[in-house]
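What's in work39.cif: mmCIF, C-alpha atoms
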data_coords
#
loop_
_atom_site.group_PDB
_atom_site.id
_atom_site.type_symbol
_atom_site.label_atom_id
_atom_site.label_comp_id
_atom_site.auth_asym_id
_atom_site.auth_seq_id
_atom_site.Cartn_x
_atom_site.Cartn_y
_atom_site.Cartn_z
ATOM 1 C CA MET A 1 -21.726 33.588 -3.269
ATOM 2 C CA ASN A 2 -19.102 33.083 -6.004
ATOM 3 C CA TRP A 3 -16.427 34.409 -3.670
ATOM 4 C CA LEU A 4 -17.516 32.024 -0.938
ATOM 5 C CA LEU A 5 -17.230 29.064 -3.319
ATOM 6 C CA VAL A 6 -13.662 30.032 -4.210
ATOM 7 C CA ILE A 7 -12.755 30.589 -0.551
ATOM 8 C CA ALA A 8 -14.302 27.273 0.545
ATOM 9 C CA GLY A 9 -12.486 25.339 -2.170
ATOM 10 C CA ALA A 10 -9.153 26.998 -1.466
ATOM 11 C CA ALA A 11 -9.492 26.559 2.312
ATOM 12 C CA VAL A 12 -9.540 22.808 1.625
ATOM 13 C CA GLY A 13 -7.093 22.692 -1.293
ATOM 14 C CA ALA A 14 -4.200 24.554 0.324
ATOM 15 C CA PRO A 15 -4.112 22.455 3.544
ATOM 16 C CA LEU A 16 -4.463 19.319 1.418
ATOM 17 C CA ARG A 17 -1.312 20.363 -0.449
ATOM 18 C CA TYR A 18 0.510 21.080 2.812
ATOM 19 C CA LEU A 19 -0.506 17.775 4.431
ATOM 20 C CA THR A 20 0.339 15.750 1.321
ATOM 21 C CA ASP A 21 3.768 17.357 1.173
ATOM 22 C CA ARG A 22 4.292 16.665 4.885
ATOM 23 C CA ALA A 23 3.241 13.029 4.536
ATOM 24 C CA VAL A 24 5.530 12.500 1.554
ATOM 25 C CA LYS A 25 8.475 14.191 3.319
ATOM 26 C CA ILE A 26 8.027 12.071 6.457
ATOM 27 C CA ARG A 27 7.740 8.889 4.404
ATOM 28 C CA TYR A 28 10.323 9.473 1.667
ATOM 29 C CA GLY A 29 12.522 12.315 2.916
ATOM 30 C CA ALA A 30 12.878 15.861 1.616
ATOM 31 C CA ARG A 31 15.618 15.377 -0.970
ATOM 32 C CA LEU A 32 13.303 15.591 -3.954
ATOM 33 C CA PRO A 33 10.013 17.560 -3.932
ATOM 34 C CA TRP A 34 7.699 14.626 -4.694
ATOM 35 C CA GLY A 35 4.900 16.115 -2.560
ATOM 36 C CA THR A 36 4.488 19.196 -4.749
ATOM 37 C CA PHE A 37 4.903 17.062 -7.862
ATOM 38 C CA LEU A 38 2.092 14.782 -6.685
ATOM 39 C CA VAL A 39 -0.410 17.529 -5.799
ATOM 40 C CA ASN A 40 0.306 19.390 -9.027
ATOM 41 C CA VAL A 41 -0.294 16.332 -11.206
ATOM 42 C CA VAL A 42 -3.406 15.238 -9.276
ATOM 43 C CA GLY A 43 -4.757 18.807 -9.411
ATOM 44 C CA CYS A 44 -4.245 18.899 -13.190
ATOM 45 C CA LEU A 45 -6.093 15.584 -13.544
ATOM 46 C CA VAL A 46 -9.037 16.760 -11.422
ATOM 47 C CA LEU A 47 -9.254 20.116 -13.210
ATOM 48 C CA GLY A 48 -9.092 18.268 -16.540
ATOM 49 C CA VAL A 49 -12.051 16.074 -15.525
ATOM 50 C CA LEU A 50 -13.939 19.138 -14.298
ATOM 51 C CA THR A 51 -13.241 21.042 -17.517
ATOM 52 C CA GLY A 52 -14.399 18.076 -19.604
ATOM 53 C CA ALA A 53 -17.531 17.763 -17.473
ATOM 54 C CA THR A 54 -18.256 21.473 -17.863
ATOM 55 C CA THR A 55 -17.811 21.267 -21.632
ATOM 56 C CA ALA A 56 -20.216 18.300 -21.713
ATOM 57 C CA GLY A 57 -22.731 20.314 -19.713
ATOM 58 C CA ALA A 58 -22.458 18.026 -16.680
ATOM 59 C CA ALA A 59 -20.939 20.595 -14.303
ATOM 60 C CA SER A 60 -22.154 24.113 -13.652
ATOM 61 C CA GLY A 61 -20.108 27.273 -13.293
ATOM 62 C CA ARG A 62 -20.482 26.948 -9.531
ATOM 63 C CA TRP A 63 -18.628 23.643 -9.538
ATOM 64 C CA GLN A 64 -15.934 25.348 -11.603
ATOM 65 C CA LEU A 65 -15.532 28.033 -8.932
ATOM 66 C CA LEU A 66 -15.596 25.622 -5.968
ATOM 67 C CA LEU A 67 -13.501 22.774 -7.371
ATOM 68 C CA GLY A 68 -11.610 24.536 -10.183
ATOM 69 C CA THR A 69 -10.679 28.060 -9.111
ATOM 70 C CA GLY A 70 -10.824 27.201 -5.404
ATOM 71 C CA LEU A 71 -9.821 23.591 -4.725
ATOM 72 C CA CYS A 72 -7.557 22.758 -7.695
ATOM 73 C CA GLY A 73 -6.204 26.297 -7.868
ATOM 74 C CA ALA A 74 -5.029 26.163 -4.254
ATOM 75 C CA LEU A 75 -4.112 22.473 -4.276
ATOM 76 C CA THR A 76 -1.644 23.130 -7.087
ATOM 77 C CA THR A 77 1.095 25.735 -6.974
ATOM 78 C CA TYR A 78 3.508 27.400 -9.346
ATOM 79 C CA SER A 79 5.405 29.432 -6.748
ATOM 80 C CA THR A 80 6.504 26.469 -4.621
ATOM 81 C CA PHE A 81 7.282 24.495 -7.781
ATOM 82 C CA SER A 82 9.619 27.200 -9.117
ATOM 83 C CA HIS A 83 11.190 27.794 -5.705
ATOM 84 C CA GLU A 84 11.936 24.085 -5.326
ATOM 85 C CA THR A 85 13.442 23.998 -8.816
ATOM 86 C CA LEU A 86 15.728 26.896 -7.871
ATOM 87 C CA LYS A 87 16.637 25.174 -4.582
ATOM 88 C CA LEU A 88 17.673 22.004 -6.405
ATOM 89 C CA ALA A 89 19.811 24.032 -8.817
ATOM 90 C CA GLU A 90 21.407 25.997 -5.949
ATOM 91 C CA ASP A 91 22.191 22.787 -4.085
ATOM 92 C CA GLY A 92 24.174 21.535 -7.048
ATOM 93 C CA ALA A 93 21.517 19.144 -8.290
ATOM 94 C CA GLY A 94 21.191 20.827 -11.673
ATOM 95 C CA ARG A 95 20.078 17.720 -13.479
ATOM 96 C CA ALA A 96 17.411 17.004 -10.849
ATOM 97 C CA ALA A 97 16.225 20.627 -11.171
ATOM 98 C CA VAL A 98 15.765 20.298 -14.927
ATOM 99 C CA ALA A 99 14.113 16.884 -14.528
ATOM 100 C CA TYR A 100 11.771 18.249 -11.854
ATOM 101 C CA ALA A 101 10.744 21.287 -13.927
ATOM 102 C CA VAL A 102 10.301 19.427 -17.212
ATOM 103 C CA GLY A 103 8.780 16.382 -15.499
ATOM 104 C CA SER A 104 6.214 18.464 -13.597
ATOM 105 C CA VAL A 105 5.106 20.322 -16.722
ATOM 106 C CA ALA A 106 4.972 17.146 -18.848
ATOM 107 C CA ALA A 107 3.140 15.092 -16.211
ATOM 108 C CA GLY A 108 0.731 17.933 -15.397
ATOM 109 C CA LEU A 109 -0.066 18.444 -19.060
ATOM 110 C CA ALA A 110 -0.552 14.705 -19.634
ATOM 111 C CA ALA A 111 -2.840 14.546 -16.593
ATOM 112 C CA ALA A 112 -4.908 17.466 -17.921
ATOM 113 C CA PHE A 113 -5.333 15.713 -21.288
ATOM 114 C CA VAL A 114 -6.247 12.398 -19.621
ATOM 115 C CA GLY A 115 -8.726 14.159 -17.332
ATOM 116 C CA VAL A 116 -10.529 15.925 -20.169
ATOM 117 C CA ARG A 117 -10.612 12.687 -22.223
ATOM 118 C CA CYS A 118 -12.010 10.664 -19.302
ATOM 119 C CA ALA A 119 -14.704 13.252 -18.684
ATOM 120 C CA GLY A 120 -15.550 13.118 -22.394
ATOM 121 C CA LEU A 121 -15.969 9.337 -22.187
ATOM 122 C CA VAL A 122 -18.172 9.546 -19.104
ATOM 123 C CA TRP A 123 -20.341 12.553 -19.929
ATOM 124 C CA GLY A 124 -19.705 13.093 -23.613
ATOM 125 C CA MET B 1 14.191 10.954 31.332
ATOM 126 C CA THR B 2 11.728 8.298 32.284
ATOM 127 C CA SER B 3 10.163 6.405 29.558
ATOM 128 C CA PRO B 4 7.081 4.255 29.587
ATOM 129 C CA ARG B 5 8.790 0.933 29.369
ATOM 130 C CA SER B 6 7.143 -0.742 32.347
ATOM 131 C CA GLU B 7 6.895 -4.028 30.551
ATOM 132 C CA ARG B 8 10.619 -4.254 30.734
ATOM 133 C CA VAL B 9 10.882 -3.765 34.503
ATOM 134 C CA GLY B 10 13.901 -5.477 35.700
ATOM 135 C CA GLY B 11 14.952 -6.217 32.238
ATOM 136 C CA SER B 12 18.553 -6.172 32.760
ATOM 137 C CA GLY B 13 21.608 -5.868 31.051
ATOM 138 C CA ASP B 14 21.541 -2.407 29.798
ATOM 139 C CA GLY B 15 23.401 -1.013 32.690
ATOM 140 C CA SER B 16 23.120 2.456 34.056
ATOM 141 C CA PRO B 17 19.901 4.422 34.197
ATOM 142 C CA ASP B 18 21.629 6.956 32.006
ATOM 143 C CA ALA B 19 21.926 4.576 29.129
ATOM 144 C CA PRO B 20 20.627 6.363 26.081
ATOM 145 C CA VAL B 21 16.987 5.745 25.466
ATOM 146 C CA PRO B 22 16.619 4.741 21.870
ATOM 147 C CA ALA B 23 14.723 7.253 19.808
ATOM 148 C CA PRO B 24 11.197 6.124 19.096
ATOM 149 C CA ALA B 25 11.296 4.055 15.966
ATOM 150 C CA GLY B 26 9.612 5.322 12.856
ATOM 151 C CA PRO B 27 8.755 8.767 11.599
ATOM 152 C CA GLU B 28 7.514 11.667 13.681
ATOM 153 C CA PRO B 29 3.797 11.672 14.440
ATOM 154 C CA PHE B 30 1.978 13.116 11.449
ATOM 155 C CA TRP B 31 -0.464 15.351 13.282
ATOM 156 C CA ARG B 32 1.716 16.576 16.163
ATOM 157 C CA GLY B 33 1.381 20.366 16.504
ATOM 158 C CA GLN B 34 -0.207 20.692 13.077
ATOM 159 C CA GLY B 35 -3.493 22.373 14.044
ATOM 160 C CA PRO B 36 -2.314 26.008 13.923
ATOM 161 C CA VAL B 37 -0.201 25.353 10.815
ATOM 162 C CA VAL B 38 -3.110 23.807 8.906
ATOM 163 C CA ALA B 39 -5.327 26.722 9.944
ATOM 164 C CA ALA B 40 -2.702 29.253 8.799
ATOM 165 C CA VAL B 41 -2.296 27.479 5.456
ATOM 166 C CA ALA B 42 -6.083 27.308 4.953
ATOM 167 C CA ALA B 43 -6.551 31.017 5.742
ATOM 168 C CA GLY B 44 -3.615 32.030 3.560
ATOM 169 C CA GLY B 45 -4.721 29.754 0.735
ATOM 170 C CA ALA B 46 -8.229 31.235 0.789
ATOM 171 C CA LEU B 47 -6.733 34.732 0.674
ATOM 172 C CA GLY B 48 -4.393 33.906 -2.201
ATOM 173 C CA ALA B 49 -7.074 32.154 -4.246
ATOM 174 C CA THR B 50 -9.424 35.096 -3.673
ATOM 175 C CA ALA B 51 -6.765 37.458 -5.031
ATOM 176 C CA ARG B 52 -6.319 35.206 -8.096
ATOM 177 C CA TYR B 53 -10.087 35.108 -8.646
ATOM 178 C CA ALA B 54 -10.229 38.908 -8.329
ATOM 179 C CA ALA B 55 -7.482 39.212 -10.948
ATOM 180 C CA SER B 56 -9.399 36.903 -13.295
ATOM 181 C CA LEU B 57 -12.481 39.134 -12.922
ATOM 182 C CA ALA B 58 -10.497 42.341 -13.374
ATOM 183 C CA TRP B 59 -8.696 41.069 -16.487
ATOM 184 C CA PRO B 60 -10.945 38.418 -18.027
ATOM 185 C CA ALA B 61 -9.529 36.363 -20.869
ATOM 186 C CA SER B 62 -11.579 35.287 -23.843
ATOM 187 C CA PRO B 63 -12.185 31.496 -23.774
ATOM 188 C CA ASP B 64 -9.670 30.655 -26.487
ATOM 189 C CA GLY B 65 -7.445 33.654 -25.959
ATOM 190 C CA PHE B 66 -3.979 33.749 -24.487
ATOM 191 C CA PRO B 67 -4.248 33.434 -20.672
ATOM 192 C CA TRP B 68 -2.331 36.593 -19.776
ATOM 193 C CA THR B 69 -3.937 36.970 -16.356
ATOM 194 C CA VAL B 70 -2.938 33.521 -15.083
ATOM 195 C CA LEU B 71 0.509 34.043 -16.570
ATOM 196 C CA GLY B 72 0.891 37.338 -14.696
ATOM 197 C CA VAL B 73 -0.417 35.847 -11.452
ATOM 198 C CA ASN B 74 1.990 32.901 -11.640
ATOM 199 C CA VAL B 75 5.083 34.962 -12.479
ATOM 200 C CA LEU B 76 4.270 37.567 -9.809
ATOM 201 C CA GLY B 77 3.674 34.823 -7.247
ATOM 202 C CA CYS B 78 7.041 33.238 -8.075
ATOM 203 C CA ALA B 79 8.863 36.572 -7.644
ATOM 204 C CA LEU B 80 7.156 37.143 -4.282
ATOM 205 C CA MET B 81 8.060 33.583 -3.211
ATOM 206 C CA GLY B 82 11.711 34.361 -3.941
ATOM 207 C CA VAL B 83 11.564 37.489 -1.764
ATOM 208 C CA LEU B 84 9.670 35.742 1.035
ATOM 209 C CA MET B 85 11.852 32.657 1.321
ATOM 210 C CA VAL B 86 15.068 34.656 1.583
ATOM 211 C CA ALA B 87 13.451 37.101 4.016
ATOM 212 C CA VAL B 88 12.171 34.434 6.428
ATOM 213 C CA THR B 89 14.976 31.880 6.166
ATOM 214 C CA GLU B 90 18.116 33.964 5.636
ATOM 215 C CA ILE B 91 17.533 37.565 6.731
ATOM 216 C CA ARG B 92 15.415 37.458 9.842
ATOM 217 C CA THR B 93 13.743 35.151 12.313
ATOM 218 C CA VAL B 94 9.985 35.255 12.156
ATOM 219 C CA HIS B 95 7.064 33.673 13.957
ATOM 220 C CA PRO B 96 6.832 29.984 12.943
ATOM 221 C CA LEU B 97 3.412 30.502 11.354
ATOM 222 C CA VAL B 98 4.544 33.299 9.003
ATOM 223 C CA ARG B 99 6.060 31.000 6.404
ATOM 224 C CA PRO B 100 3.107 28.540 6.281
ATOM 225 C CA PHE B 101 0.659 31.457 6.093
ATOM 226 C CA LEU B 102 2.417 33.600 3.477
ATOM 227 C CA GLY B 103 4.370 30.987 1.510
ATOM 228 C CA THR B 104 2.406 27.732 1.549
ATOM 229 C CA GLY B 105 -0.904 29.545 2.017
ATOM 230 C CA VAL B 106 -1.127 32.937 0.298
ATOM 231 C CA LEU B 107 1.424 32.449 -2.505
ATOM 232 C CA GLY B 108 0.628 28.748 -2.918
ATOM 233 C CA GLY B 109 -3.073 29.579 -3.246
ATOM 234 C CA PHE B 110 -2.430 32.619 -5.440
ATOM 235 C CA THR B 111 -0.421 30.722 -8.052
ATOM 236 C CA THR B 112 -1.823 27.693 -9.833
ATOM 237 C CA PHE B 113 -0.380 24.823 -11.807
ATOM 238 C CA SER B 114 -3.668 23.145 -12.747
ATOM 239 C CA THR B 115 -5.166 26.127 -14.582
ATOM 240 C CA TYR B 116 -1.852 26.553 -16.387
ATOM 241 C CA ALA B 117 -1.833 22.939 -17.630
ATOM 242 C CA VAL B 118 -5.521 22.900 -18.557
ATOM 243 C CA ASP B 119 -5.147 26.211 -20.430
ATOM 244 C CA VAL B 120 -2.320 24.678 -22.485
ATOM 245 C CA GLN B 121 -4.547 21.646 -23.129
ATOM 246 C CA ARG B 122 -7.416 23.920 -24.182
ATOM 247 C CA LEU B 123 -5.252 25.867 -26.642
ATOM 248 C CA VAL B 124 -3.940 22.647 -28.182
ATOM 249 C CA GLU B 125 -7.433 21.107 -28.471
ATOM 250 C CA ALA B 126 -8.706 24.334 -30.007
ATOM 251 C CA GLY B 127 -6.303 23.756 -32.888
ATOM 252 C CA ARG B 128 -3.709 26.244 -31.713
ATOM 253 C CA PRO B 129 -0.813 24.018 -30.603
ATOM 254 C CA GLY B 130 1.712 26.751 -31.380
ATOM 255 C CA THR B 131 -0.014 29.164 -29.023
ATOM 256 C CA GLY B 132 -0.304 26.410 -26.415
ATOM 257 C CA LEU B 133 3.404 25.662 -26.540
ATOM 258 C CA ALA B 134 4.215 29.383 -26.494
ATOM 259 C CA TYR B 135 2.082 29.789 -23.379
ATOM 260 C CA LEU B 136 3.721 26.744 -21.787
ATOM 261 C CA ALA B 137 7.191 28.254 -22.238
ATOM 262 C CA ALA B 138 6.084 31.853 -21.613
ATOM 263 C CA THR B 139 5.073 30.902 -18.082
ATOM 264 C CA LEU B 140 7.785 28.391 -17.214
ATOM 265 C CA VAL B 141 10.821 30.465 -18.220
ATOM 266 C CA PRO B 142 9.729 33.820 -16.698
ATOM 267 C CA ALA B 143 8.523 32.039 -13.537
ATOM 268 C CA LEU B 144 11.909 30.419 -12.973
ATOM 269 C CA LEU B 145 13.700 33.664 -13.838
ATOM 270 C CA ALA B 146 11.414 35.582 -11.449
ATOM 271 C CA VAL B 147 12.114 33.344 -8.458
ATOM 272 C CA TRP B 148 15.837 33.330 -9.231
ATOM 273 C CA LEU B 149 16.172 37.110 -9.697
ATOM 274 C CA ALA B 150 13.957 37.903 -6.709
ATOM 275 C CA THR B 151 15.991 35.534 -4.530
ATOM 276 C CA ALA B 152 19.267 37.132 -5.655
ATOM 277 C CA ALA B 153 17.975 40.698 -5.265
ATOM 278 C CA THR B 154 16.577 40.033 -1.788
ATOM 279 C CA ARG B 155 19.845 38.424 -0.707
ATOM 280 C CA ARG B 156 21.776 41.453 -1.955
ATOM 281 C CA ALA B 157 19.396 43.851 -0.188
ATOM 282 C CA GLY B 158 19.703 41.813 3.011
ATOM 283 C CA ALA B 159 23.492 41.834 2.838
ATOM 284 C CA ARG B 160 23.529 45.603 2.284
ATOM 285 C CA THR B 161 21.266 46.183 5.262
ATOM 286 C CA ALA B 162 23.441 43.954 7.426
ATOM 287 C CA ALA B 163 26.627 45.735 6.270
ATOM 288 C CA ARG B 164 25.147 49.042 7.341
ATOM 289 C CA GLY B 165 24.556 47.547 10.749
ATOM 290 C CA GLY B 166 20.822 47.802 10.426
ATOM 291 C CA GLY B 167 18.264 45.101 10.527
ATOM 292 C CA PRO B 168 18.112 42.297 13.027
ATOM 293 C CA ARG B 169 19.926 39.209 11.869
#
Representation of the structure as structure tokens:
Amino acid sequence: MNWLLVIAGAAVGAPLRYLTDRAVKIRYGARLPWGTFLVNVVGCLVLGVLTGATTAGAASGRWQLLLGTGLCGALTTYSTFSHETLKLAEDGAGRAAVAYAVGSVAAGLAAAFVGVRCAGLVWG
Amino acid sequence: MTSPRSERVGGSGDGSPDAPVPAPAGPEPFWRGQGPVVAAVAAGGALGATARYAASLAWPASPDGFPWTVLGVNVLGCALMGVLMVAVTEIRTVHPLVRPFLGTGVLGGFTTFSTYAVDVQRLVEAGRPGTGLAYLAATLVPALLAVWLATAATRRAGARTAARGGGPR
């Protein structure tokens, strides 16, 4: 059952990441990886809310597996993030590469904090 | 090419029938040909996330401990991404669904940014900001090094294979 929850969440999260990235590329071009940036930050926010809800006793371990390990885990990505950072550096956009790496980590971390805080306000 | 422009029948002026038909305005249709790609990404993502979950069961971390398992998963996934991207974009031509399945799907689902960020948050909230910052850097730097070194090594291996006359280009 636990495995199925992870699989179900990931089978939604990964395509959601792909489709978001595609939509952003079609709309804004592929020069900067805003699609991955967006899904990573949103995933951090959602996992933050979920973690806060779990701490407050409002979400069970099953929700953690479905939405946390599965959905948010597959929605967000470290491998594409690091590959895109390398690509920017290789293409001579060193400053953009540093900004993308530092910006993703800072925004993701801020989103995680905000998510946990919001969950604390709602369920705390 | 004929184009469905019946409302302009007889609309003159633009000369020969070979006049270039303007490209359809706007971006390409969002969903065109996306069914198999979305399915490949979903299947790969489920596989990758399952492998990450299996790793978390095999090497469980204590709630406020250092998240070694996620760190290992993320750095390994970044190294594999470096190998994969060179292999499928520079060394050989592969089926168009290979990259969405293995890269976007399996490796994208295997690695995670959200658990990384929330683990840093947890360490900081638990009164261990030093450990949180150490974890933040101990993933970011090795992950970037892993993708860079794996990319370079795969390129070198590909060039060697090509120089020996082996391997389809």
Proximity of chain B to chain A: per-residue shortest pair, 7 Å limit, only C-alpha atoms, as CSV:
residue,atom,partner,partner_atom,distance
B:Pro27,CA,A:Ile26,CA,6.2
B:Val38,CA,A:Pro15,CA,5.6
B:Val41,CA,A:Pro15,CA,5.7
B:Ala42,CA,A:Ala11,CA,4.4
B:Ala43,CA,A:Ala11,CA,6.3
B:Gly45,CA,A:Ala14,CA,5.2
B:Ala46,CA,A:Ile7,CA,4.8
B:Ala49,CA,A:Ala10,CA,6.2
B:Thr50,CA,A:Ile7,CA,6.4
B:Asn74,CA,A:Tyr78,CA,6.2
B:Gly77,CA,A:Ser79,CA,5.7
B:Cys78,CA,A:Ser79,CA,4.4
B:Met81,CA,A:Ser79,CA,6.1
B:Gly82,CA,A:His83,CA,6.8
B:Gly105,CA,A:Ala14,CA,6.2
B:Leu107,CA,A:Ser79,CA,6.6
B:Gly108,CA,A:Thr77,CA,5.1
B:Gly109,CA,A:Ala74,CA,4.1
B:Thr111,CA,A:Tyr78,CA,5.3
B:Thr112,CA,A:Thr77,CA,4.5
B:Phe113,CA,A:Thr77,CA,5.1
B:Ser114,CA,A:Cys44,CA,4.3
B:Thr115,CA,A:Gly73,CA,6.8
B:Ala117,CA,A:Leu109,CA,5.0
B:Val118,CA,A:Ala112,CA,5.5
B:Gln121,CA,A:Phe113,CA,6.3
B:Ala143,CA,A:Ser82,CA,6.6
B:Leu144,CA,A:Ser82,CA,5.5
B:Val147,CA,A:His83,CA,6.3
B:Trp148,CA,A:Leu86,CA,6.6
Output the selection as an mmCIF file, in the frame of the given file - C-alpha atoms for each residue.
data_model
loop_
_atom_site.group_PDB
_atom_site.id
_atom_site.type_symbol
_atom_site.label_atom_id
_atom_site.label_comp_id
_atom_site.auth_asym_id
_atom_site.auth_seq_id
_atom_site.Cartn_x
_atom_site.Cartn_y
_atom_site.Cartn_z
ATOM 1 C CA PRO B 27 8.755 8.767 11.599
ATOM 2 C CA VAL B 38 -3.110 23.807 8.906
ATOM 3 C CA VAL B 41 -2.296 27.479 5.456
ATOM 4 C CA ALA B 42 -6.083 27.308 4.953
ATOM 5 C CA ALA B 43 -6.551 31.017 5.742
ATOM 6 C CA GLY B 45 -4.721 29.754 0.735
ATOM 7 C CA ALA B 46 -8.229 31.235 0.789
ATOM 8 C CA ALA B 49 -7.074 32.154 -4.246
ATOM 9 C CA THR B 50 -9.424 35.096 -3.673
ATOM 10 C CA ASN B 74 1.990 32.901 -11.640
ATOM 11 C CA GLY B 77 3.674 34.823 -7.247
ATOM 12 C CA CYS B 78 7.041 33.238 -8.075
ATOM 13 C CA MET B 81 8.060 33.583 -3.211
ATOM 14 C CA GLY B 82 11.711 34.361 -3.941
ATOM 15 C CA GLY B 105 -0.904 29.545 2.017
ATOM 16 C CA LEU B 107 1.424 32.449 -2.505
ATOM 17 C CA GLY B 108 0.628 28.748 -2.918
ATOM 18 C CA GLY B 109 -3.073 29.579 -3.246
ATOM 19 C CA THR B 111 -0.421 30.722 -8.052
ATOM 20 C CA THR B 112 -1.823 27.693 -9.833
ATOM 21 C CA PHE B 113 -0.380 24.823 -11.807
ATOM 22 C CA SER B 114 -3.668 23.145 -12.747
ATOM 23 C CA THR B 115 -5.166 26.127 -14.582
ATOM 24 C CA ALA B 117 -1.833 22.939 -17.630
ATOM 25 C CA VAL B 118 -5.521 22.900 -18.557
ATOM 26 C CA GLN B 121 -4.547 21.646 -23.129
ATOM 27 C CA ALA B 143 8.523 32.039 -13.537
ATOM 28 C CA LEU B 144 11.909 30.419 -12.973
ATOM 29 C CA VAL B 147 12.114 33.344 -8.458
ATOM 30 C CA TRP B 148 15.837 33.330 -9.231
#
| said: Since I can't run it myself right now, could you work out what the PyMOL selection byres ((chain B and resi 66-73) around 7) selects here and report it as a list of chain:residue names? | reply: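 That selection, the PyMOL selection byres ((chain B and resi 66-73) around 7), comes back as B:Arg52, B:Ala55, B:Ser56, B:Trp59, B:Ala61, B:Asp64, B:Gly65, B:Asn74, B:Val75, B:Leu76, B:Gly77, B:Thr111, B:Thr139.
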| Target residues per the PyMOL selection byres ((chain A and resi 52) around 9), formatted as a list in words | Leu47, Gly48, Val49, Leu50, Thr51, Ala53, Thr54, Thr55, Ala56, Gly57, Ala58, Ala59, Gly115, Val116, Arg117, Cys118, Ala119, Gly120, Trp123 and Gly124 of chain A
Can you write out the residues you just picked, keeping C-alpha atoms, as an mmCIF file, in the coordinates of the input?
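Just written: part31.cif:
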data_model
loop_
_atom_site.group_PDB
_atom_site.id
_atom_site.type_symbol
_atom_site.label_atom_id
_atom_site.label_comp_id
_atom_site.auth_asym_id
_atom_site.auth_seq_id
_atom_site.Cartn_x
_atom_site.Cartn_y
_atom_site.Cartn_z
ATOM 1 C CA LEU A 47 -9.254 20.116 -13.210
ATOM 2 C CA GLY A 48 -9.092 18.268 -16.540
ATOM 3 C CA VAL A 49 -12.051 16.074 -15.525
ATOM 4 C CA LEU A 50 -13.939 19.138 -14.298
ATOM 5 C CA THR A 51 -13.241 21.042 -17.517
ATOM 6 C CA ALA A 53 -17.531 17.763 -17.473
ATOM 7 C CA THR A 54 -18.256 21.473 -17.863
ATOM 8 C CA THR A 55 -17.811 21.267 -21.632
ATOM 9 C CA ALA A 56 -20.216 18.300 -21.713
ATOM 10 C CA GLY A 57 -22.731 20.314 -19.713
ATOM 11 C CA ALA A 58 -22.458 18.026 -16.680
ATOM 12 C CA ALA A 59 -20.939 20.595 -14.303
ATOM 13 C CA GLY A 115 -8.726 14.159 -17.332
ATOM 14 C CA VAL A 116 -10.529 15.925 -20.169
ATOM 15 C CA ARG A 117 -10.612 12.687 -22.223
ATOM 16 C CA CYS A 118 -12.010 10.664 -19.302
ATOM 17 C CA ALA A 119 -14.704 13.252 -18.684
ATOM 18 C CA GLY A 120 -15.550 13.118 -22.394
ATOM 19 C CA TRP A 123 -20.341 12.553 -19.929
ATOM 20 C CA GLY A 124 -19.705 13.093 -23.613
#
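As for atom CA of B:Thr154 and atom CA of B:Thr89, they are spaced 11.5 Å apart.
Taking atom CA of B:Val120 and atom CA of B:Gly132 as the two end points, the separation is 4.7 Å.
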Taking every listed atom of stretch 54-71 of chain A and adding 8 Å to each side, what centre and edge lengths in Å (one decimal) does the axis-aligned box have, as AutoDock Vina command-line options?
--center_x -16.3 --center_y 23.0 --center_z -13.2 --size_x 28.9 --size_y 26.0 --size_z 33.0
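Minimum atom-to-atom distance to B:Thr104, evaluated using all atoms listed in the file, belongs to B:Gly44 out of B:Gly44, B:Pro29, B:Gly165, B:Gly127.
Distances from B:Leu84, B:Leu123, B:Val94, B:Leu140 to B:Ala153 were compared using all atoms listed in the file, and the smallest one belongs to B:Leu84.
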| task | Figure out the distance between atom CA of A:Asp21 and atom CA of A:Pro33, please, to one decimal in Å. | result |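 Pair atom CA of A:Pro33 / atom CA of A:Asp21 returns 8.1 Å.
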| query | Using only C-alpha atoms, which residue out of B:Leu97, B:Leu133, B:Val37, B:Leu102 lies closest to B:Met85? | reply |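 Selected residue with least distance to B:Met85: B:Leu102.
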